[in-house]
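So this one's run.cif, mmCIF, C-alpha atoms:
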data_target
loop_
_atom_site.group_PDB
_atom_site.id
_atom_site.type_symbol
_atom_site.label_atom_id
_atom_site.label_comp_id
_atom_site.auth_asym_id
_atom_site.auth_seq_id
_atom_site.Cartn_x
_atom_site.Cartn_y
_atom_site.Cartn_z
ATOM 1 C CA MET D 268 -25.326 0.853 13.488
ATOM 2 C CA ILE D 269 -21.781 0.731 14.878
ATOM 3 C CA ARG D 270 -20.446 -2.712 15.719
ATOM 4 C CA ARG D 271 -18.131 -3.031 18.669
ATOM 5 C CA PHE D 272 -14.640 -4.439 18.308
ATOM 6 C CA ASN D 273 -15.183 -7.571 20.394
ATOM 7 C CA MET D 274 -12.943 -10.499 21.262
ATOM 8 C CA PHE D 275 -14.107 -12.555 18.280
ATOM 9 C CA ASN D 276 -13.082 -9.807 15.852
ATOM 10 C CA LEU D 277 -9.743 -9.389 17.621
ATOM 11 C CA THR D 278 -9.077 -13.133 17.473
ATOM 12 C CA SER D 279 -10.031 -13.356 13.800
ATOM 13 C CA LEU D 280 -7.819 -10.395 12.947
ATOM 14 C CA THR D 281 -4.908 -11.846 14.912
ATOM 15 C CA PHE D 282 -5.103 -15.250 13.222
ATOM 16 C CA GLY D 283 -5.527 -13.637 9.806
ATOM 17 C CA LEU D 284 -2.462 -11.417 10.177
ATOM 18 C CA ALA D 285 -0.461 -14.306 11.662
ATOM 19 C CA PHE D 286 -1.387 -16.517 8.710
ATOM 20 C CA LEU D 287 -0.190 -13.850 6.283
ATOM 21 C CA TYR D 288 2.940 -12.528 7.973
ATOM 22 C CA LEU D 289 4.232 -15.245 10.321
ATOM 23 C CA PRO D 290 5.805 -17.290 7.485
ATOM 24 C CA LEU D 291 7.585 -14.164 6.240
ATOM 25 C CA LEU D 292 8.790 -13.415 9.760
ATOM 26 C CA LEU D 293 10.162 -16.948 10.115
ATOM 27 C CA VAL D 294 12.024 -16.599 6.817
ATOM 28 C CA VAL D 295 13.598 -13.350 8.027
ATOM 29 C CA ILE D 296 14.552 -14.834 11.424
ATOM 30 C CA TYR D 297 16.105 -18.015 10.030
ATOM 31 C CA SER D 298 18.070 -16.052 7.445
ATOM 32 C CA PHE D 299 20.313 -15.097 10.398
ATOM 33 C CA ASN D 300 20.717 -18.716 11.471
ATOM 34 C CA ASP D 301 24.321 -19.897 11.737
ATOM 35 C CA SER D 302 23.356 -23.535 11.221
ATOM 36 C CA HIS D 303 23.159 -25.210 7.823
ATOM 37 C CA LEU D 304 19.884 -26.801 8.924
ATOM 38 C CA VAL D 305 16.924 -24.487 8.373
ATOM 39 C CA THR D 306 14.833 -25.749 11.280
ATOM 40 C CA VAL D 307 17.677 -25.927 13.820
ATOM 41 C CA TRP D 308 18.817 -22.652 15.369
ATOM 42 C CA GLY D 309 22.597 -22.547 15.630
ATOM 43 C CA GLY D 310 23.135 -18.963 16.718
ATOM 44 C CA PHE D 311 22.996 -15.530 15.157
ATOM 45 C CA SER D 312 25.037 -14.977 12.010
ATOM 46 C CA THR D 313 24.981 -12.867 8.865
ATOM 47 C CA LYS D 314 27.284 -15.133 6.862
ATOM 48 C CA TRP D 315 24.512 -16.277 4.535
ATOM 49 C CA TYR D 316 24.072 -12.735 3.243
ATOM 50 C CA GLY D 317 27.748 -12.655 2.350
ATOM 51 C CA ILE D 318 27.434 -16.008 0.592
ATOM 52 C CA VAL D 319 24.441 -14.768 -1.394
ATOM 53 C CA LEU D 320 26.242 -11.573 -2.413
ATOM 54 C CA ASN D 321 29.175 -13.664 -3.665
ATOM 55 C CA ASN D 322 27.028 -16.173 -5.569
ATOM 56 C CA ASP D 323 27.452 -15.327 -9.254
ATOM 57 C CA ALA D 324 24.402 -17.348 -10.327
ATOM 58 C CA TYR D 325 22.095 -15.478 -7.961
ATOM 59 C CA LEU D 326 23.632 -12.119 -8.828
ATOM 60 C CA GLU D 327 23.216 -12.705 -12.562
ATOM 61 C CA ALA D 328 19.609 -13.821 -12.093
ATOM 62 C CA ALA D 329 18.934 -10.781 -9.877
ATOM 63 C CA TRP D 330 20.434 -8.417 -12.470
ATOM 64 C CA ILE D 331 18.308 -9.941 -15.235
ATOM 65 C CA THR D 332 15.210 -9.704 -13.021
ATOM 66 C CA LEU D 333 15.822 -6.047 -12.171
ATOM 67 C CA ARG D 334 16.365 -5.130 -15.822
ATOM 68 C CA ILE D 335 13.213 -6.934 -16.891
ATOM 69 C CA ALA D 336 11.222 -5.366 -14.054
ATOM 70 C CA PHE D 337 12.449 -1.849 -14.871
ATOM 71 C CA VAL D 338 11.757 -2.037 -18.604
ATOM 72 C CA SER D 339 8.441 -3.882 -18.283
ATOM 73 C CA ALA D 340 7.205 -1.542 -15.525
ATOM 74 C CA THR D 341 8.031 1.474 -17.672
ATOM 75 C CA LEU D 342 6.236 0.012 -20.693
ATOM 76 C CA ALA D 343 3.259 -1.027 -18.557
ATOM 77 C CA THR D 344 2.990 2.433 -16.994
ATOM 78 C CA VAL D 345 3.079 4.213 -20.360
ATOM 79 C CA LEU D 346 0.531 1.871 -21.918
ATOM 80 C CA GLY D 347 -1.573 1.904 -18.740
ATOM 81 C CA THR D 348 -1.641 5.711 -18.749
ATOM 82 C CA LEU D 349 -2.760 5.805 -22.376
ATOM 83 C CA SER D 350 -5.455 3.196 -21.801
ATOM 84 C CA ALA D 351 -6.634 5.019 -18.659
ATOM 85 C CA VAL D 352 -7.007 8.251 -20.621
ATOM 86 C CA VAL D 353 -9.068 6.443 -23.254
ATOM 87 C CA MET D 354 -11.260 4.689 -20.681
ATOM 88 C CA VAL D 355 -11.939 7.826 -18.619
ATOM 89 C CA ARG D 356 -12.161 10.534 -21.268
ATOM 90 C CA ALA D 357 -13.072 8.948 -24.584
ATOM 91 C CA GLY D 358 -16.685 8.351 -23.588
ATOM 92 C CA SER D 359 -18.721 5.870 -25.606
ATOM 93 C CA PHE D 360 -17.145 4.670 -28.839
ATOM 94 C CA PRO D 361 -17.523 1.561 -31.006
ATOM 95 C CA GLY D 362 -15.649 -1.311 -29.431
ATOM 96 C CA ARG D 363 -15.399 0.225 -25.969
ATOM 97 C CA THR D 364 -16.666 -2.943 -24.305
ATOM 98 C CA LEU D 365 -14.164 -5.077 -26.205
ATOM 99 C CA PHE D 366 -11.369 -2.612 -25.435
ATOM 100 C CA SER D 367 -12.107 -2.537 -21.701
ATOM 101 C CA GLY D 368 -12.420 -6.316 -21.652
ATOM 102 C CA MET D 369 -9.008 -6.715 -23.259
ATOM 103 C CA ILE D 370 -7.510 -4.264 -20.765
ATOM 104 C CA PHE D 371 -8.918 -5.942 -17.670
ATOM 105 C CA ALA D 372 -8.780 -9.584 -18.821
ATOM 106 C CA PRO D 373 -5.324 -10.279 -17.300
ATOM 107 C CA LEU D 374 -6.742 -9.343 -13.878
ATOM 108 C CA VAL D 375 -8.884 -12.494 -13.826
ATOM 109 C CA MET D 376 -6.968 -14.657 -16.286
ATOM 110 C CA PRO D 377 -4.942 -17.497 -14.694
ATOM 111 C CA GLU D 378 -1.229 -16.946 -15.125
ATOM 112 C CA VAL D 379 -0.850 -20.405 -16.665
ATOM 113 C CA VAL D 380 -3.263 -19.459 -19.442
ATOM 114 C CA THR D 381 -1.549 -16.087 -19.987
ATOM 115 C CA GLY D 382 1.911 -17.639 -20.067
ATOM 116 C CA LEU D 383 0.862 -20.452 -22.419
ATOM 117 C CA SER D 384 -0.908 -18.096 -24.818
ATOM 118 C CA LEU D 385 2.100 -15.773 -24.941
ATOM 119 C CA LEU D 386 4.391 -18.746 -25.515
ATOM 120 C CA LEU D 387 2.284 -19.873 -28.463
ATOM 121 C CA LEU D 388 2.297 -16.322 -29.827
ATOM 122 C CA PHE D 389 6.081 -16.013 -29.639
ATOM 123 C CA VAL D 390 6.529 -19.411 -31.275
ATOM 124 C CA ALA D 391 4.030 -18.541 -34.025
ATOM 125 C CA ILE D 392 5.821 -15.307 -34.969
ATOM 126 C CA GLY D 393 9.254 -16.898 -34.673
ATOM 127 C CA LEU D 394 10.510 -14.682 -31.840
ATOM 128 C CA ASP D 395 13.359 -16.226 -29.900
ATOM 129 C CA ARG D 396 12.565 -16.508 -26.219
ATOM 130 C CA GLY D 397 14.763 -14.552 -23.879
ATOM 131 C CA PHE D 398 14.999 -11.180 -22.190
ATOM 132 C CA TRP D 399 12.569 -9.344 -24.465
ATOM 133 C CA THR D 400 9.897 -12.027 -24.502
ATOM 134 C CA ILE D 401 9.783 -12.000 -20.684
ATOM 135 C CA THR D 402 9.707 -8.202 -20.719
ATOM 136 C CA ILE D 403 6.812 -8.099 -23.191
ATOM 137 C CA ALA D 404 4.938 -10.737 -21.215
ATOM 138 C CA HIS D 405 5.361 -8.878 -17.921
ATOM 139 C CA ALA D 406 4.335 -5.573 -19.479
ATOM 140 C CA THR D 407 1.250 -7.255 -20.928
ATOM 141 C CA PHE D 408 -0.162 -8.559 -17.664
ATOM 142 C CA SER D 409 0.943 -5.661 -15.436
ATOM 143 C CA MET D 410 -0.421 -2.995 -17.781
ATOM 144 C CA CYS D 411 -3.976 -3.660 -16.590
ATOM 145 C CA TYR D 412 -2.970 -3.044 -12.962
ATOM 146 C CA ALA D 413 -1.365 0.251 -13.935
ATOM 147 C CA SER D 414 -4.472 1.199 -15.910
ATOM 148 C CA VAL D 415 -6.748 0.579 -12.915
ATOM 149 C CA VAL D 416 -4.593 2.689 -10.581
ATOM 150 C CA ILE D 417 -4.267 5.613 -12.988
ATOM 151 C CA SER D 418 -7.926 5.470 -14.079
ATOM 152 C CA SER D 419 -9.101 5.949 -10.508
ATOM 153 C CA ARG D 420 -7.010 9.124 -10.239
ATOM 154 C CA LEU D 421 -8.031 10.479 -13.624
ATOM 155 C CA ALA D 422 -11.708 9.970 -12.793
ATOM 156 C CA SER D 423 -11.417 12.472 -9.911
ATOM 157 C CA PHE D 424 -9.239 14.956 -11.804
ATOM 158 C CA ASP D 425 -10.640 18.477 -12.189
ATOM 159 C CA ARG D 426 -10.899 19.058 -15.954
ATOM 160 C CA SER D 427 -11.238 22.818 -15.437
ATOM 161 C CA LEU D 428 -7.467 22.961 -14.868
ATOM 162 C CA GLU D 429 -6.864 21.618 -18.348
ATOM 163 C CA ASP D 430 -9.498 23.945 -19.783
ATOM 164 C CA ALA D 431 -7.718 26.911 -18.229
ATOM 165 C CA ALA D 432 -4.406 25.760 -19.731
ATOM 166 C CA LEU D 433 -6.052 25.437 -23.154
ATOM 167 C CA ASP D 434 -7.509 28.920 -22.834
ATOM 168 C CA LEU D 435 -4.016 30.245 -22.101
ATOM 169 C CA GLY D 436 -2.686 28.825 -25.356
ATOM 170 C CA CYS D 437 -1.507 25.315 -24.510
ATOM 171 C CA THR D 438 -2.048 22.487 -26.940
ATOM 172 C CA PRO D 439 -3.899 19.414 -25.640
ATOM 173 C CA ILE D 440 -0.640 17.481 -25.436
ATOM 174 C CA SER D 441 1.230 20.241 -23.603
ATOM 175 C CA ALA D 442 -1.742 20.758 -21.263
ATOM 176 C CA PHE D 443 -1.700 17.073 -20.381
ATOM 177 C CA ARG D 444 2.066 17.101 -19.920
ATOM 178 C CA GLN D 445 2.294 20.310 -17.877
ATOM 179 C CA VAL D 446 -0.988 20.228 -15.944
ATOM 180 C CA THR D 447 -2.544 16.771 -15.807
ATOM 181 C CA LEU D 448 0.571 14.642 -15.518
ATOM 182 C CA PRO D 449 2.040 16.472 -12.482
ATOM 183 C CA VAL D 450 -1.294 16.157 -10.661
ATOM 184 C CA ILE D 451 -1.661 12.431 -11.327
ATOM 185 C CA ALA D 452 2.074 11.801 -10.825
ATOM 186 C CA PRO D 453 1.587 9.960 -7.479
ATOM 187 C CA ALA D 454 -0.803 7.523 -9.171
ATOM 188 C CA VAL D 455 1.633 7.052 -12.060
ATOM 189 C CA ILE D 456 4.494 6.397 -9.634
ATOM 190 C CA SER D 457 2.340 3.959 -7.660
ATOM 191 C CA ALA D 458 1.398 2.171 -10.885
ATOM 192 C CA TRP D 459 5.070 1.890 -11.843
ATOM 193 C CA LEU D 460 6.038 0.517 -8.440
ATOM 194 C CA LEU D 461 3.171 -1.968 -8.541
ATOM 195 C CA SER D 462 4.181 -3.140 -12.025
ATOM 196 C CA PHE D 463 7.806 -3.366 -10.905
ATOM 197 C CA THR D 464 6.825 -5.494 -7.899
ATOM 198 C CA LEU D 465 4.612 -7.771 -9.996
ATOM 199 C CA SER D 466 7.484 -8.358 -12.409
ATOM 200 C CA LEU D 467 9.882 -9.141 -9.569
ATOM 201 C CA ASP D 468 7.422 -11.631 -8.121
ATOM 202 C CA ASP D 469 6.382 -13.452 -11.303
ATOM 203 C CA LEU D 470 7.378 -17.071 -11.804
ATOM 204 C CA VAL D 471 4.742 -18.783 -13.939
ATOM 205 C CA ILE D 472 4.673 -16.419 -16.928
ATOM 206 C CA ALA D 473 8.456 -16.025 -16.898
ATOM 207 C CA THR D 474 8.848 -19.807 -16.953
ATOM 208 C CA PHE D 475 6.751 -20.061 -20.125
ATOM 209 C CA THR D 476 8.394 -17.159 -21.944
ATOM 210 C CA SER D 477 12.025 -17.500 -20.865
ATOM 211 C CA GLY D 478 14.876 -18.893 -22.893
ATOM 212 C CA PRO D 479 18.571 -19.712 -22.565
ATOM 213 C CA GLY D 480 20.442 -17.088 -20.574
ATOM 214 C CA SER D 481 17.291 -15.399 -19.265
ATOM 215 C CA THR D 482 16.713 -17.114 -15.930
ATOM 216 C CA THR D 483 15.011 -14.743 -13.517
ATOM 217 C CA LEU D 484 15.550 -14.752 -9.769
ATOM 218 C CA PRO D 485 12.172 -16.394 -8.913
ATOM 219 C CA MET D 486 12.974 -19.153 -11.408
ATOM 220 C CA LYS D 487 16.413 -19.609 -9.850
ATOM 221 C CA LEU D 488 14.902 -19.709 -6.361
ATOM 222 C CA TYR D 489 12.299 -22.257 -7.402
ATOM 223 C CA SER D 490 14.895 -24.548 -8.939
ATOM 224 C CA SER D 491 17.035 -24.246 -5.793
ATOM 225 C CA VAL D 492 14.126 -24.899 -3.410
ATOM 226 C CA ARG D 493 13.330 -28.137 -5.220
ATOM 227 C CA LEU D 494 16.683 -29.428 -3.932
ATOM 228 C CA GLY D 495 15.942 -28.266 -0.379
ATOM 229 C CA VAL D 496 15.578 -25.012 1.518
ATOM 230 C CA SER D 497 18.805 -23.518 2.867
ATOM 231 C CA PRO D 498 19.572 -20.436 4.981
ATOM 232 C CA GLU D 499 21.105 -18.967 1.826
ATOM 233 C CA ILE D 500 17.667 -18.978 0.189
ATOM 234 C CA ASN D 501 16.199 -17.465 3.360
ATOM 235 C CA ALA D 502 18.741 -14.634 3.175
ATOM 236 C CA LEU D 503 17.932 -13.961 -0.469
ATOM 237 C CA SER D 504 14.198 -14.023 0.250
ATOM 238 C CA THR D 505 14.694 -11.565 3.099
ATOM 239 C CA MET D 506 16.486 -9.190 0.763
ATOM 240 C CA LEU D 507 13.577 -9.396 -1.676
ATOM 241 C CA ILE D 508 11.103 -8.720 1.124
ATOM 242 C CA GLY D 509 13.136 -5.662 2.086
ATOM 243 C CA ILE D 510 13.154 -4.328 -1.489
ATOM 244 C CA VAL D 511 9.406 -4.726 -1.890
ATOM 245 C CA THR D 512 8.733 -3.227 1.542
ATOM 246 C CA PHE D 513 10.892 -0.229 0.716
ATOM 247 C CA GLY D 514 8.996 0.284 -2.540
ATOM 248 C CA VAL D 515 5.621 0.141 -0.826
ATOM 249 C CA ILE D 516 6.694 2.557 1.912
ATOM 250 C CA ALA D 517 8.185 4.947 -0.653
ATOM 251 C CA ALA D 518 4.981 4.960 -2.692
ATOM 252 C CA SER D 519 2.905 5.532 0.443
ATOM 253 C CA LEU D 520 5.083 8.461 1.542
ATOM 254 C CA ILE D 521 4.933 10.033 -1.911
ATOM 255 C CA ASN D 522 1.143 9.767 -1.977
ATOM 256 C CA ARG D 523 0.844 11.171 1.528
ATOM 257 C CA ARG D 524 3.122 14.101 0.723
ATOM 258 C CA GLN D 525 1.192 14.852 -2.445
ATOM 259 C CA ASP D 526 -2.135 14.727 -0.613
ATOM 260 C CA ARG D 527 -0.816 17.054 2.075
ATOM 261 C CA ARG D 528 0.443 19.489 -0.539
ATOM 262 C CA GLN D 529 -2.881 19.354 -2.368
ATOM 263 C CA LYS D 530 -4.776 20.107 0.828
ATOM 264 C CA GLN D 531 -2.506 23.062 1.567
ATOM 265 C CA GLU D 532 -3.044 24.432 -1.939
ATOM 266 C CA ASN D 533 -6.801 24.019 -1.568
ATOM 267 C CA ARG D 534 -6.754 25.878 1.756
ATOM 268 C CA ALA D 535 -4.652 28.671 0.246
ATOM 269 C CA ALA D 536 -7.017 28.963 -2.709
ATOM 270 C CA ALA D 537 -10.038 29.031 -0.398
ATOM 271 C CA ALA D 538 -8.412 31.680 1.794
ATOM 272 C CA ALA D 539 -7.554 33.813 -1.240
ATOM 273 C CA ALA D 540 -11.120 33.553 -2.529
#
Output the file's structure as structure tokens, nothing else.
Amino acid sequence: MIRRFNMFNLTSLTFGLAFLYLPLLLVVIYSFNDSHLVTVWGGFSTKWYGIVLNNDAYLEAAWITLRIAFVSATLATVLGTLSAVVMVRAGSFPGRTLFSGMIFAPLVMPEVVTGLSLLLLFVAIGLDRGFWTITIAHATFSMCYASVVISSRLASFDRSLEDAALDLGCTPISAFRQVTLPVIAPAVISAWLLSFTLSLDDLVIATFTSGPGSTTLPMKLYSSVRLGVSPEINALSTMLIGIVTFGVIAASLINRRQDRRQKQENRAAAAAA
């Protein structure tokens, strides 16, 4: 039974999208406000972007955030790939349920609980809080997202390609590196971008695991907003929205290009057969 797209569905969709994206649109619009008052439009201006780019505190926090996001996303992608291979190809083994539960627990675990538990762990082992504690914490909770993305691609991977590589003399590691990894590369890239975005966005876990000299940009924004919202914060938020949007579009284009190439290869193989 096909349901028609009626006025009720259109209205619900409109209000839902407005609820999600209208606040972001207002932030972008008022980042070009010439007035110091956020809610009073004083004319179009880009001066707040110049002020943000000359603010050493924001630039230092942004640099720390980007470094943490890059390192933690890389660690999360590597660990997520390994865990995905185990979950998809290892079959049944003792402790599989416990292993899968530990992998997917951060998906449903409140960030306050994750941040507090990691804080207690770092204190217990005597690890000074700073750049690396935030990086480890971000890699821990984003690894499960990377594992889910890569597992879905590995589950649909044609194992006969690897078998053919093994028959031609490749070792299992070289077959995975030369055959499997290029095929699942779009999923790996998407997992990295997702982990990178999650690290950029995190506030709660970073607050628990940070130390002196390791203030991330979300933490800096939160401390600034507590004193009042300014067009300078709107400009910085707009820049973050642009970075995340660019990452999402890039990942989508890479996936689309890979799918198109895969379809062309399948058509060529079918025509040759």
Self-check item: Selection near stretch 520-524 of chain D, 9 Å with all atoms listed in the file, sequence-local residues under 3 positions removed, as a list of chain:residue names
Solution: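 Once the adjacent positions are removed, what remains is D:Pro453, D:Ala454, D:Ile456, D:Ser457, D:Val515, D:Ile516, D:Ala517, D:Arg527, D:Arg528, D:Gln529.
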Exercise. Would you mind telling me which residue in D:Leu421, D:Val379, D:Leu326, D:Val415 lies nearest to D:Ser367 when using only C-alpha atoms?
Key: D:Val415
Practice problem: Kindly give the distance, in Å, that separates atom CA of D:Gln445 and atom CA of D:Glu532, rounded to a single decimal. | Solution: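 Atom CA of D:Glu532 lies at a distance of 17.3 Å from atom CA of D:Gln445.
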Quiz prompt | All residues 7 Å or closer to D:Ala340, all atoms listed in the file, same chain fewer than 5 positions away omitted, as a ChimeraX atom specification | solution = /D:406,459,462-463
Quiz item: In Å, with one decimal, what is the gap from atom CA of D:Leu284 to atom CA of D:Ser302?
Solution: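 If I compute the distance from atom CA of D:Leu284 to atom CA of D:Ser302, I get 28.5 Å.
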Exercise. Any chance you could resolve the PyMOL selection byres ((chain D and resi 477) around 8) against this file and give the residues as a PyMOL selection string?
Key: chain D and resi 396-398+400-401+473-476+478-479+481-482
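Here atom CA of D:Ala413 and atom CA of D:Val353 stand 13.6 Å from one another.
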Quiz item: What's the 8 Å shell around D:Ala328, counting all atoms listed in the file, without same-chain residues fewer than 3 positions away, as a ChimeraX atom specification?
Solution: /D:324-325,331-332,481-484,487
Practice problem: Would you kindly identify which residues have an atom no farther than 10 Å from (6.9, -11.7, -10.7), using all atoms listed in the file and the file's own coordinates, and write them out as a list in words? | Solution: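 Checking each residue against the 10 Å limit leaves Thr332, Ala336, His405, Ser409, Ser462, Phe463, Thr464, Leu465, Ser466, Leu467, Asp468, Asp469, Leu470, Val471, Ile472, Ala473, Thr483, Leu484, Pro485 and Met486 of chain D.
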Size and centre in Å, one decimal, axis-aligned box, all listed stretch 491-495 of chain D atoms plus 3 Å per side, as AutoDock Vina command-line options:
--center_x 15.2 --center_y -26.8 --center_z -3.1 --size_x 9.7 --size_y 11.2 --size_z 11.4
Quiz item: Counting only C-alpha atoms, which of D:Pro498, D:Thr438, D:Ala404, D:Gly310 gets nearest to D:Phe389?
Solution: D:Ala404
Practice problem: List, as a VMD selection string, every residue that the PyMOL selection byres ((chain D and resi 313) around 10) selects in the file provided. | Solution: chain D and resid 298 to 301 311 to 312 314 to 318 502
Practice problem: Find the residues near D:Ala431: any atom within 10 Å, counting all atoms listed in the file, skip ones fewer than 5 places away on the same chain, and give them as a PyMOL selection string. | Solution: chain D and resi 426+436-437+442+446
Exercise. Starting from the shown file, work through the PyMOL selection byres ((chain D and resi 443) around 12) and note down what comes out as a ChimeraX atom specification.
Key: /D:348-349,352,421,424,426,428-433,437-442,444-452
Quiz item: From the list D:Gly382, D:Gly347, D:Gly509, D:Gly358, which residue is nearest D:Ile370 when using only C-alpha atoms?
Solution: D:Gly347
Exercise. Find the spatial neighbours of D:Ser504, counting only C-alpha atoms, within a cut-off of 9 Å - ignore same-chain residues fewer than 5 positions away - and output them as a list in words.
Key: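 Here the answer would be Leu291, Val294, Val295, Ser298, Leu488, Glu499 and Gly509 of chain D.
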